[in-house]
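Colleague: File follows, upload_31.csv with CSV, C-alpha atoms:
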```
chain,number,residue,atom,x,y,z
A,248,MET,CA,0.0,0.0,0.0
A,249,ASP,CA,1.6,3.3,-1.2
A,250,SER,CA,1.6,6.6,0.7
A,251,LYS,CA,-1.1,8.0,-1.6
A,252,ASN,CA,-3.6,5.3,-0.7
A,253,VAL,CA,-2.8,5.8,3.0
A,254,SER,CA,-3.3,9.5,2.7
A,255,ASN,CA,-6.6,9.0,0.9
A,256,GLY,CA,-7.7,6.6,3.6
A,257,ILE,CA,-6.9,9.1,6.3
A,258,LEU,CA,-8.6,11.9,4.5
A,259,ARG,CA,-11.7,9.7,3.9
A,260,ALA,CA,-11.8,8.7,7.6
A,261,LEU,CA,-11.4,12.4,8.7
A,262,GLY,CA,-14.2,13.3,6.3
A,263,ILE,CA,-16.5,10.7,7.7
A,264,LEU,CA,-15.7,11.8,11.3
A,265,LEU,CA,-16.3,15.4,10.3
A,266,GLY,CA,-19.6,14.5,8.7
A,267,ILE,CA,-20.7,12.6,11.8
A,268,GLY,CA,-19.7,15.5,14.0
A,269,VAL,CA,-21.6,18.0,11.8
A,270,LEU,CA,-24.7,15.7,11.8
A,271,ALA,CA,-24.5,15.3,15.6
A,272,TYR,CA,-24.3,19.0,16.1
A,273,PHE,CA,-27.2,19.6,13.7
A,274,LEU,CA,-29.3,17.1,15.5
A,275,TYR,CA,-28.4,18.7,18.9
A,276,ALA,CA,-29.3,22.1,17.5
A,277,ILE,CA,-32.7,21.0,16.4
A,278,GLN,CA,-33.4,18.7,19.3
A,279,SER,CA,-36.6,20.7,20.2
A,280,VAL,CA,-38.0,20.0,16.7
A,281,LEU,CA,-37.1,16.3,17.0
A,282,ILE,CA,-38.9,16.1,20.3
A,283,TYR,CA,-42.0,17.7,18.7
A,284,VAL,CA,-41.9,15.1,15.9
A,285,ILE,CA,-41.5,12.2,18.3
A,286,ILE,CA,-44.4,13.4,20.5
A,287,ALA,CA,-46.5,14.0,17.4
A,288,ALA,CA,-45.8,10.5,16.1
A,289,VAL,CA,-46.8,9.1,19.5
A,290,ILE,CA,-50.1,11.1,19.4
A,291,SER,CA,-50.8,9.9,15.9
A,292,LEU,CA,-50.3,6.3,17.0
A,293,ILE,CA,-52.7,6.7,19.9
A,294,ALA,CA,-55.2,8.4,17.5
A,295,LYS,CA,-55.0,5.7,14.9
A,296,PRO,CA,-57.7,3.5,16.4
A,297,ILE,CA,-60.0,6.5,16.9
A,298,ILE,CA,-59.6,7.6,13.3
A,299,GLY,CA,-60.2,4.1,12.1
A,300,PHE,CA,-63.4,3.8,14.2
A,301,LEU,CA,-64.7,7.1,12.8
A,302,GLN,CA,-63.9,6.1,9.2
A,303,LYS,CA,-65.2,2.5,9.4
A,304,LYS,CA,-68.1,2.7,11.8
A,305,LEU,CA,-69.4,6.3,11.3
A,306,LYS,CA,-68.3,6.6,7.7
A,307,PHE,CA,-66.5,9.9,8.3
A,308,PRO,CA,-64.2,11.1,5.5
A,309,ASN,CA,-60.5,11.1,6.3
A,310,THR,CA,-60.2,14.8,6.9
A,311,LEU,CA,-63.3,15.0,9.1
A,312,SER,CA,-62.2,12.0,11.2
A,313,VAL,CA,-58.8,13.6,11.7
A,314,VAL,CA,-60.3,17.0,12.6
A,315,SER,CA,-62.8,15.3,15.0
A,316,THR,CA,-59.9,13.4,16.7
A,317,MET,CA,-57.8,16.6,17.0
A,318,VAL,CA,-60.8,18.4,18.6
A,319,LEU,CA,-61.1,15.5,21.0
A,320,PHE,CA,-57.4,15.7,21.9
A,321,VAL,CA,-57.5,19.5,22.3
A,322,GLY,CA,-60.6,19.2,24.5
A,323,ILE,CA,-58.7,16.7,26.7
A,324,ILE,CA,-55.7,19.1,26.9
A,325,VAL,CA,-57.9,22.0,27.8
A,326,GLY,CA,-59.7,19.9,30.4
A,327,ILE,CA,-56.4,18.8,32.0
A,328,ILE,CA,-55.3,22.5,32.2
A,329,ARG,CA,-58.6,23.6,33.7
A,330,MET,CA,-58.4,20.7,36.2
A,331,PHE,CA,-55.0,21.9,37.4
A,332,ILE,CA,-56.0,25.6,37.7
A,333,PRO,CA,-57.6,25.2,41.2
A,334,LEU,CA,-54.5,23.4,42.6
A,335,VAL,CA,-52.1,26.0,41.0
A,336,ILE,CA,-54.1,28.9,42.4
A,337,GLU,CA,-54.3,27.4,45.8
A,338,GLN,CA,-50.6,26.7,46.0
A,339,GLY,CA,-49.8,30.0,44.5
A,340,GLU,CA,-51.8,31.8,47.2
A,341,SER,CA,-50.0,29.8,49.8
A,342,LEU,CA,-46.6,30.6,48.4
A,343,SER,CA,-47.2,34.2,47.6
A,344,LEU,CA,-45.3,36.8,49.6
A,345,LEU,CA,-48.5,38.0,51.3
A,346,GLN,CA,-49.1,34.5,52.6
A,347,THR,CA,-45.5,33.6,53.5
A,348,ASP,CA,-45.9,34.3,57.2
A,349,LYS,CA,-49.1,32.2,57.4
A,350,LEU,CA,-47.5,29.4,55.5
A,351,LEU,CA,-44.4,29.3,57.6
A,352,GLN,CA,-46.5,29.4,60.8
A,353,ASN,CA,-48.5,26.4,59.5
A,354,LEU,CA,-45.4,24.5,58.7
A,355,GLN,CA,-43.9,25.3,62.1
A,356,ASP,CA,-47.1,24.1,63.8
A,357,VAL,CA,-46.9,20.8,61.9
A,358,ILE,CA,-43.2,20.4,62.9
A,359,ASN,CA,-44.0,21.2,66.5
A,360,GLN,CA,-46.8,18.6,66.5
A,361,VAL,CA,-44.6,16.0,64.8
A,362,ASN,CA,-41.9,16.8,67.4
A,363,ALA,CA,-44.3,16.5,70.3
A,364,TYR,CA,-45.7,13.2,69.0
A,365,PHE,CA,-42.2,11.6,68.6
A,366,THR,CA,-41.0,13.1,71.9
A,367,SER,CA,-44.0,11.4,73.6
A,368,LYS,CA,-42.6,8.1,72.2
A,369,ASN,CA,-39.1,8.9,73.5
A,370,ILE,CA,-37.9,9.6,70.0
A,371,ASN,CA,-36.0,12.9,69.6
A,372,LEU,CA,-35.1,12.7,65.9
A,373,LEU,CA,-37.1,15.8,65.0
A,374,SER,CA,-36.0,18.0,67.9
A,375,GLU,CA,-33.5,19.9,65.8
A,376,LEU,CA,-36.1,20.8,63.2
A,377,LYS,CA,-37.7,23.4,65.6
A,378,ASN,CA,-34.9,25.9,64.8
A,379,VAL,CA,-34.9,25.3,61.0
A,380,ASP,CA,-35.1,28.6,59.1
A,381,PHE,CA,-37.7,27.9,56.4
A,382,LEU,CA,-37.6,31.5,55.1
A,383,SER,CA,-34.4,31.0,53.3
A,384,GLY,CA,-35.9,28.2,51.3
A,385,PHE,CA,-38.6,30.4,50.1
A,386,GLN,CA,-36.3,33.2,48.7
A,387,ALA,CA,-36.0,31.4,45.4
A,388,ILE,CA,-39.7,31.1,44.8
A,389,PRO,CA,-40.1,34.5,43.0
A,390,ASN,CA,-37.2,33.5,40.7
A,391,LEU,CA,-38.9,30.2,40.1
A,392,LEU,CA,-42.2,31.8,39.2
A,393,ASN,CA,-40.4,34.2,36.8
A,394,TYR,CA,-38.8,31.2,35.1
A,395,LEU,CA,-42.1,29.4,34.8
A,396,VAL,CA,-43.7,32.5,33.3
A,397,GLY,CA,-40.9,32.7,30.8
A,398,ALA,CA,-41.2,29.0,30.0
A,399,LEU,CA,-44.9,29.4,29.4
A,400,GLY,CA,-44.3,31.1,26.0
A,401,SER,CA,-42.0,28.2,24.9
A,402,LEU,CA,-44.6,25.7,26.0
A,403,SER,CA,-47.3,27.4,24.0
A,404,VAL,CA,-45.1,27.3,20.9
A,405,GLY,CA,-44.3,23.7,21.5
A,406,LEU,CA,-47.9,22.7,22.0
A,407,PHE,CA,-48.9,24.4,18.8
A,408,SER,CA,-46.1,22.7,16.9
A,409,VAL,CA,-47.0,19.3,18.2
A,410,LEU,CA,-50.7,19.7,17.3
A,411,PHE,CA,-49.8,21.0,13.8
A,412,ILE,CA,-47.4,18.1,13.1
A,413,SER,CA,-49.8,15.6,14.6
A,414,PHE,CA,-52.6,16.8,12.3
A,415,PHE,CA,-50.5,15.9,9.2
A,416,PHE,CA,-49.3,12.7,10.6
A,417,MET,CA,-52.9,11.7,11.3
A,418,LYS,CA,-54.1,12.9,7.9
A,419,ASP,CA,-51.3,11.1,6.0
A,420,SER,CA,-50.4,8.0,8.0
A,421,LYS,CA,-47.7,7.1,5.5
A,422,LEU,CA,-45.9,10.5,5.7
A,423,LEU,CA,-43.1,9.3,7.9
A,424,MET,CA,-42.7,6.0,6.1
A,425,ASN,CA,-42.5,7.7,2.7
A,426,ALA,CA,-39.8,10.0,4.1
A,427,ALA,CA,-37.8,7.0,5.4
A,428,LEU,CA,-38.1,5.2,2.1
A,429,THR,CA,-36.2,7.9,0.4
A,430,ILE,CA,-33.0,6.8,2.2
A,431,ILE,CA,-33.8,3.1,2.2
A,432,PRO,CA,-32.2,0.9,-0.5
A,433,ASN,CA,-34.7,-0.2,-3.1
A,434,LYS,CA,-34.2,-3.9,-2.4
A,435,SER,CA,-35.1,-3.4,1.3
A,436,GLU,CA,-38.2,-1.3,0.8
A,437,ASN,CA,-40.7,-4.2,1.0
A,438,LYS,CA,-39.1,-5.5,4.2
A,439,PHE,CA,-39.0,-2.0,5.7
A,440,SER,CA,-42.7,-1.4,4.8
A,441,LYS,CA,-43.6,-4.7,6.4
A,442,SER,CA,-41.7,-4.0,9.6
A,443,THR,CA,-43.2,-0.5,9.8
A,444,ALA,CA,-46.7,-1.8,9.6
A,445,ILE,CA,-46.0,-4.3,12.5
A,446,ILE,CA,-44.3,-1.5,14.5
A,447,ASN,CA,-47.2,0.8,14.1
A,448,LYS,CA,-49.7,-1.8,15.2
A,449,LEU,CA,-47.7,-2.9,18.3
A,450,LEU,CA,-46.8,0.7,19.4
A,451,SER,CA,-50.4,1.9,18.8
A,452,ARG,CA,-51.6,-0.9,21.1
A,453,TYR,CA,-48.8,-0.2,23.6
A,454,PHE,CA,-49.6,3.5,24.0
A,455,ILE,CA,-53.4,2.8,24.3
A,456,GLY,CA,-52.4,0.3,27.0
A,457,LEU,CA,-50.5,3.0,28.8
A,458,VAL,CA,-53.6,5.2,28.7
A,459,LEU,CA,-55.6,2.3,30.2
A,460,GLN,CA,-52.9,1.9,32.9
A,461,ILE,CA,-53.0,5.6,33.8
A,462,THR,CA,-56.8,5.5,33.8
A,463,ILE,CA,-56.9,2.6,36.3
A,464,LEU,CA,-54.4,4.3,38.6
A,465,PHE,CA,-56.2,7.6,38.3
A,466,ILE,CA,-59.5,6.0,39.4
A,467,LEU,CA,-57.9,4.1,42.3
A,468,TYR,CA,-56.0,7.3,43.5
A,469,THR,CA,-59.2,9.4,43.2
A,470,ILE,CA,-61.3,7.0,45.2
A,471,THR,CA,-58.6,6.9,47.9
A,472,LEU,CA,-58.3,10.6,48.2
A,473,LEU,CA,-62.0,11.3,48.1
A,474,ILE,CA,-62.6,8.8,50.9
A,475,PHE,CA,-60.3,10.7,53.2
A,476,GLY,CA,-61.5,14.1,52.1
A,477,ILE,CA,-58.3,15.4,50.5
A,478,LYS,CA,-58.7,18.7,48.7
A,479,ASN,CA,-58.3,18.7,44.9
A,480,ALA,CA,-58.4,15.0,45.0
A,481,VAL,CA,-59.0,14.6,41.2
A,482,VAL,CA,-56.0,16.9,40.3
A,483,ILE,CA,-53.6,15.1,42.7
A,484,ALA,CA,-54.7,11.7,41.5
A,485,PHE,CA,-54.2,12.6,37.9
A,486,LEU,CA,-50.8,14.1,38.6
A,487,CYS,CA,-49.6,11.0,40.5
A,488,ALA,CA,-51.1,8.7,37.9
A,489,LEU,CA,-49.3,10.6,35.1
A,490,LEU,CA,-46.0,10.2,36.9
A,491,ASN,CA,-46.3,6.5,36.5
A,492,LEU,CA,-45.3,6.9,32.8
A,493,ILE,CA,-41.7,7.2,34.2
A,494,PRO,CA,-40.9,3.5,35.2
A,495,TYR,CA,-39.9,2.9,38.8
A,496,ILE,CA,-38.9,6.5,39.5
A,497,GLY,CA,-42.3,8.0,38.7
A,498,PRO,CA,-44.2,6.0,41.4
A,499,MET,CA,-41.7,7.1,44.0
A,500,ILE,CA,-42.1,10.8,43.1
A,501,GLY,CA,-45.8,10.3,43.0
A,502,ALA,CA,-45.7,8.9,46.5
A,503,VAL,CA,-43.8,11.9,47.8
A,504,ILE,CA,-46.2,14.3,46.1
A,505,MET,CA,-49.3,12.5,47.5
A,506,PHE,CA,-47.7,12.4,51.0
A,507,LEU,CA,-46.9,16.1,51.0
A,508,LEU,CA,-50.2,17.2,49.5
A,509,SER,CA,-52.2,15.0,51.9
A,510,MET,CA,-50.5,16.5,54.9
A,511,SER,CA,-50.9,20.1,53.5
A,512,SER,CA,-54.6,19.4,53.0
A,513,ASN,CA,-54.9,19.1,56.8
A,514,LEU,CA,-52.7,22.0,57.9
A,515,GLY,CA,-54.0,23.4,61.2
A,516,SER,CA,-55.5,20.2,62.3
A,517,ASP,CA,-54.2,18.1,65.2
A,518,PHE,CA,-51.3,16.0,64.0
A,519,GLN,CA,-51.8,12.9,66.1
A,520,THR,CA,-55.5,12.5,65.6
A,521,THR,CA,-56.0,13.9,62.1
A,522,VAL,CA,-52.9,14.6,60.0
A,523,LEU,CA,-50.9,11.4,60.8
A,524,PRO,CA,-53.9,8.9,60.5
A,525,THR,CA,-55.2,10.5,57.3
A,526,THR,CA,-51.9,10.6,55.6
A,527,THR,CA,-51.1,7.0,56.7
A,528,TYR,CA,-54.4,5.7,55.2
A,529,VAL,CA,-53.9,7.7,52.0
A,530,MET,CA,-50.4,6.2,51.6
A,531,ILE,CA,-51.8,2.7,52.3
A,532,GLY,CA,-54.3,3.3,49.5
A,533,TYR,CA,-51.5,4.5,47.2
A,534,PHE,CA,-49.4,1.4,47.7
A,535,ILE,CA,-52.4,-0.9,47.2
A,536,ALA,CA,-53.0,0.9,43.8
A,537,GLN,CA,-49.3,0.4,43.0
A,538,LEU,CA,-49.6,-3.3,43.8
A,539,VAL,CA,-52.6,-3.5,41.4
A,540,ASP,CA,-50.6,-1.7,38.8
A,541,ASN,CA,-47.4,-3.9,39.2
A,542,PHE,CA,-49.1,-7.2,39.4
A,543,PHE,CA,-52.0,-6.7,37.0
A,544,SER,CA,-51.9,-3.6,34.7
A,545,GLN,CA,-48.3,-3.6,33.7
A,546,PRO,CA,-47.9,-7.4,33.0
A,547,PHE,CA,-51.1,-7.3,31.0
A,548,ILE,CA,-50.0,-4.3,28.9
A,549,PHE,CA,-46.4,-5.5,28.2
A,550,SER,CA,-47.4,-9.1,27.4
A,551,LYS,CA,-50.3,-8.2,25.2
A,552,THR,CA,-48.8,-5.2,23.4
A,553,THR,CA,-45.1,-5.6,23.2
A,554,LYS,CA,-44.9,-9.4,23.1
A,555,SER,CA,-42.0,-9.3,25.5
A,556,HIS,CA,-41.3,-11.1,28.8
A,557,PRO,CA,-41.5,-9.0,31.9
A,558,LEU,CA,-37.9,-9.8,32.7
A,559,GLU,CA,-36.9,-8.4,29.2
A,560,ILE,CA,-38.8,-5.2,29.9
A,561,PHE,CA,-37.2,-4.8,33.3
A,562,LEU,CA,-33.7,-5.2,31.9
A,563,VAL,CA,-34.4,-2.9,28.9
A,564,ILE,CA,-35.8,-0.1,31.2
A,565,ILE,CA,-32.8,-0.4,33.5
A,566,ILE,CA,-30.3,-0.2,30.6
A,567,GLY,CA,-32.2,2.7,29.1
A,568,GLY,CA,-32.1,4.6,32.4
A,569,LEU,CA,-28.4,3.9,32.8
A,570,LEU,CA,-27.6,5.1,29.3
A,571,PHE,CA,-30.0,8.1,28.9
A,572,GLY,CA,-31.6,8.8,32.2
A,573,VAL,CA,-35.3,9.4,32.7
A,574,VAL,CA,-35.8,9.9,28.9
A,575,GLY,CA,-34.2,6.5,28.3
A,576,MET,CA,-36.5,4.8,30.8
A,577,ILE,CA,-39.6,6.3,29.2
A,578,THR,CA,-38.6,5.4,25.6
A,579,ALA,CA,-36.9,2.1,26.3
A,580,VAL,CA,-39.9,-0.2,25.8
A,581,PRO,CA,-41.2,1.3,22.5
A,582,LEU,CA,-37.7,1.6,21.0
A,583,TYR,CA,-37.0,-2.0,22.1
A,584,THR,CA,-40.2,-3.2,20.5
A,585,ALA,CA,-39.4,-1.4,17.2
A,586,LEU,CA,-35.9,-2.9,17.3
A,587,LYS,CA,-37.2,-6.4,17.7
A,588,VAL,CA,-39.5,-6.1,14.8
A,589,ILE,CA,-36.7,-4.7,12.6
A,590,LEU,CA,-34.4,-7.5,13.6
A,591,LYS,CA,-37.0,-10.1,12.9
A,592,THR,CA,-37.7,-8.7,9.4
A,593,PHE,CA,-34.0,-8.4,8.4
A,594,LEU,CA,-32.3,-11.1,10.4
A,595,SER,CA,-35.0,-13.7,10.8
A,596,ASP,CA,-32.5,-16.6,10.5
A,597,ASN,CA,-30.4,-15.5,13.4
A,598,LYS,CA,-30.7,-17.8,16.4
A,599,ILE,CA,-30.7,-15.0,19.0
A,600,VAL,CA,-33.2,-13.0,17.0
A,601,LYS,CA,-35.5,-16.0,16.7
A,602,SER,CA,-35.4,-16.5,20.4
A,603,LEU,CA,-36.2,-12.8,21.2
A,604,THR,CA,-38.9,-12.4,18.5
A,605,LYS,CA,-40.7,-15.8,18.6
A,606,ASP,CA,-43.9,-14.3,19.9
A,607,ILE,CA,-44.1,-11.4,17.3
```
In structure tokens, write the structure found in this file.

Modeller:
Amino acid sequence: MDSKNVSNGILRALGILLGIGVLAYFLYAIQSVLIYVIIAAVISLIAKPIIGFLQKKLKFPNTLSVVSTMVLFVGIIVGIIRMFIPLVIEQGESLSLLQTDKLLQNLQDVINQVNAYFTSKNINLLSELKNVDFLSGFQAIPNLLNYLVGALGSLSVGLFSVLFISFFFMKDSKLLMNAALTIIPNKSENKFSKSTAIINKLLSRYFIGLVLQITILFILYTITLLIFGIKNAVVIAFLCALLNLIPYIGPMIGAVIMFLLSMSSNLGSDFQTTVLPTTTYVMIGYFIAQLVDNFFSQPFIFSKTTKSHPLEIFLVIIIGGLLFGVVGMITAVPLYTALKVILKTFLSDNKIVKSLTKDI
């Protein structure tokens, strides 16, 4: 091999590395757009059965069925926002500067009651909390509120973008596939089209299954909170149910939120006779709902929609979390499902692929 070939090889490798670097930077620069596209694709998959029902059962034209579905989704979003308004207003009033003294006094009362309760049991773990300066922790609240107001504009743009992209994904279900086919070799187009159809079917069922899972948890949480008279029970239940979209971490965050909001709902009441028993019963109801979800809802969804063993799902979610954090945990299952379908389509003779995709 002469020096010219070596030089050409080095230049070619450098060119490839430079191209990869430019592509990575470009994808990083447009990450917001990519997120919008991914969310819109998920929404279109969830909407697919609804559009099919309107077209086949009610004989709606394609455009009318898509518009009707979009109106339904927008109505759900508006309903969710309206549902959170009372909780946001109540918490905002509690955290406003005019109410800071009252809030701090309520918190101090709770701490004193907690301390008195544990002291009566000869436990002094909370004795040092009496002198905690809570005021310093509230100094950052105005900055946080300013940040949230600034982010509201970006959220509005993002919401509009997602709805706009979703409309065209719903209207032309083959839009993404046609775009992908432009970079797929001609000899692989049939296999790719076949795998795409299977992926769409499985992921559509998976996301609908997640909606069912969240609905079941929402109902169980709502019943629990209403039984014990917790304020804004529906909003708290919906928020905690929604957090279950984050595997393993979400339920723990939801437990903390429900615990704190359950206690704050009874501020000013006696700790030993009201706050502690009510919060304890609420948390027992929360953990019962989690048991129902872990041993019924999740296994049913994963086995029926992704065609994967629960152990597979557990390992995939853990690996996704280690590699990409919370985003990796959320996207691990749908990406793994899509990868399995692609492997079965293109490497169906491989022994390992056969073992992993035997149920697909």

Colleague: What is the atom CA of Met317 of chain A to atom CA of Leu410 of chain A distance in Å?

Modeller: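 Between atom CA of Met317 of chain A and atom CA of Leu410 of chain A the gap is 7.8 Å.
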
Colleague: From the list A:Ile461, A:Tyr583, A:Phe414, A:Phe542, which residue is nearest Ile493 of chain A when using all atoms listed in the file?

Modeller: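 Of the candidates, the smallest distance to Ile493 of chain A is held by A:Ile461.
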
Colleague: Atom CA of Phe543 of chain A and atom CA of Thr584 of chain A are how many Å apart?

Modeller: 20.6 Å

Colleague: Need the shell around Thr526 of chain A: protein/DNA/RNA residues with any atom at most 12 Å away, counting all atoms listed in the file. Skip same-chain ones fewer than 6 positions apart. Format as an mmCIF file with C-alpha atoms, in the coordinates of the input?

Modeller:
```
data_model
loop_
_atom_site.group_PDB
_atom_site.id
_atom_site.type_symbol
_atom_site.label_atom_id
_atom_site.label_comp_id
_atom_site.auth_asym_id
_atom_site.auth_seq_id
_atom_site.Cartn_x
_atom_site.Cartn_y
_atom_site.Cartn_z
ATOM 1 C CA THR A 471 -58.600 6.900 47.900
ATOM 2 C CA LEU A 472 -58.300 10.600 48.200
ATOM 3 C CA ILE A 474 -62.600 8.800 50.900
ATOM 4 C CA PHE A 475 -60.300 10.700 53.200
ATOM 5 C CA GLY A 476 -61.500 14.100 52.100
ATOM 6 C CA ILE A 477 -58.300 15.400 50.500
ATOM 7 C CA ALA A 502 -45.700 8.900 46.500
ATOM 8 C CA VAL A 503 -43.800 11.900 47.800
ATOM 9 C CA ILE A 504 -46.200 14.300 46.100
ATOM 10 C CA MET A 505 -49.300 12.500 47.500
ATOM 11 C CA PHE A 506 -47.700 12.400 51.000
ATOM 12 C CA LEU A 507 -46.900 16.100 51.000
ATOM 13 C CA LEU A 508 -50.200 17.200 49.500
ATOM 14 C CA SER A 509 -52.200 15.000 51.900
ATOM 15 C CA MET A 510 -50.500 16.500 54.900
ATOM 16 C CA SER A 511 -50.900 20.100 53.500
ATOM 17 C CA SER A 512 -54.600 19.400 53.000
ATOM 18 C CA ASN A 513 -54.900 19.100 56.800
ATOM 19 C CA LEU A 514 -52.700 22.000 57.900
ATOM 20 C CA PHE A 518 -51.300 16.000 64.000
ATOM 21 C CA GLN A 519 -51.800 12.900 66.100
ATOM 22 C CA THR A 520 -55.500 12.500 65.600
ATOM 23 C CA GLY A 532 -54.300 3.300 49.500
ATOM 24 C CA TYR A 533 -51.500 4.500 47.200
#
```

Colleague: For Phe593 of chain A, please output as number ranges by chain all residues within 12 Å (counting all atoms listed in the file; exclusion window: fewer than 5 positions along the same chain).

Modeller: A: 434-442, 586-588, 600-601, 604

Colleague: Using all atoms listed in the file, which of A:Ile566, A:Ile298, A:Val313, A:Val580 sits nearest Phe549 of chain A?

Modeller: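 Using all atoms listed in the file, Phe549 of chain A sits closest to A:Val580.
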
Colleague: Would you pick out the contacts of segment 480-484 of chain A at 6 Å or less, using all atoms listed in the file, so that residues sharing its chain but fewer than 6 positions from it are not included, and give the list as a list in words?

Modeller: Phe331, Phe465, Tyr468, Thr469 and Leu472 of chain A

Colleague: Could the residues in this selection be written to a file with C-alpha atoms, as an mmCIF file, in the coordinates of the input?

Modeller:
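Listed below is the output, result39.cif:
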```cif
data_model
loop_
_atom_site.group_PDB
_atom_site.id
_atom_site.type_symbol
_atom_site.label_atom_id
_atom_site.label_comp_id
_atom_site.auth_asym_id
_atom_site.auth_seq_id
_atom_site.Cartn_x
_atom_site.Cartn_y
_atom_site.Cartn_z
ATOM 1 C CA PHE A 331 -55.000 21.900 37.400
ATOM 2 C CA PHE A 465 -56.200 7.600 38.300
ATOM 3 C CA TYR A 468 -56.000 7.300 43.500
ATOM 4 C CA THR A 469 -59.200 9.400 43.200
ATOM 5 C CA LEU A 472 -58.300 10.600 48.200
#
```

Colleague: Figure out the distance between atom CA of Ala260 of chain A and atom CA of Ala276 of chain A, please, to one decimal in Å.

Modeller: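 It comes out at 24.2 Å.
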
Colleague: Taking all atoms listed in the file into account, name the residue in A:Val563, A:Ile332, A:Ile323, A:Leu406 that is nearest to Gly575 of chain A.

Modeller: A:Val563

Colleague: Counting all atoms listed in the file, figure out which residue out of A:Ile328, A:Ser550, A:Thr578, A:Ser555 gets nearest to Leu603 of chain A.

Modeller: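 Nearest candidate to Leu603 of chain A out of A:Ile328, A:Ser550, A:Thr578, A:Ser555: A:Ser555.
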
Colleague: Of the candidates A:Ser413, A:Ser451, A:Thr592, A:Thr310, which shows the shortest atom-to-atom distance to Ile548 of chain A, using all atoms listed in the file?

Modeller: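 Among the listed residues, A:Ser451 lies closest to Ile548 of chain A.
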
Colleague: Please write as a PyMOL selection string the list of polymer residues whose atoms come within 12 Å of (-40.0, -1.0, 33.5), counting all atoms listed in the file and keeping to the coordinates of the file.

Modeller: chain A and resi 491-498+540-541+545-546+548-549+555-568+573+575-581+583

Colleague: For those residues, write C-alpha atoms to a file as a CSV table (one decimal), in the coordinates of the input.

Modeller:
```csv
chain,number,residue,atom,x,y,z
A,491,ASN,CA,-46.3,6.5,36.5
A,492,LEU,CA,-45.3,6.9,32.8
A,493,ILE,CA,-41.7,7.2,34.2
A,494,PRO,CA,-40.9,3.5,35.2
A,495,TYR,CA,-39.9,2.9,38.8
A,496,ILE,CA,-38.9,6.5,39.5
A,497,GLY,CA,-42.3,8.0,38.7
A,498,PRO,CA,-44.2,6.0,41.4
A,540,ASP,CA,-50.6,-1.7,38.8
A,541,ASN,CA,-47.4,-3.9,39.2
A,545,GLN,CA,-48.3,-3.6,33.7
A,546,PRO,CA,-47.9,-7.4,33.0
A,548,ILE,CA,-50.0,-4.3,28.9
A,549,PHE,CA,-46.4,-5.5,28.2
A,555,SER,CA,-42.0,-9.3,25.5
A,556,HIS,CA,-41.3,-11.1,28.8
A,557,PRO,CA,-41.5,-9.0,31.9
A,558,LEU,CA,-37.9,-9.8,32.7
A,559,GLU,CA,-36.9,-8.4,29.2
A,560,ILE,CA,-38.8,-5.2,29.9
A,561,PHE,CA,-37.2,-4.8,33.3
A,562,LEU,CA,-33.7,-5.2,31.9
A,563,VAL,CA,-34.4,-2.9,28.9
A,564,ILE,CA,-35.8,-0.1,31.2
A,565,ILE,CA,-32.8,-0.4,33.5
A,566,ILE,CA,-30.3,-0.2,30.6
A,567,GLY,CA,-32.2,2.7,29.1
A,568,GLY,CA,-32.1,4.6,32.4
A,573,VAL,CA,-35.3,9.4,32.7
A,575,GLY,CA,-34.2,6.5,28.3
A,576,MET,CA,-36.5,4.8,30.8
A,577,ILE,CA,-39.6,6.3,29.2
A,578,THR,CA,-38.6,5.4,25.6
A,579,ALA,CA,-36.9,2.1,26.3
A,580,VAL,CA,-39.9,-0.2,25.8
A,581,PRO,CA,-41.2,1.3,22.5
A,583,TYR,CA,-37.0,-2.0,22.1
```
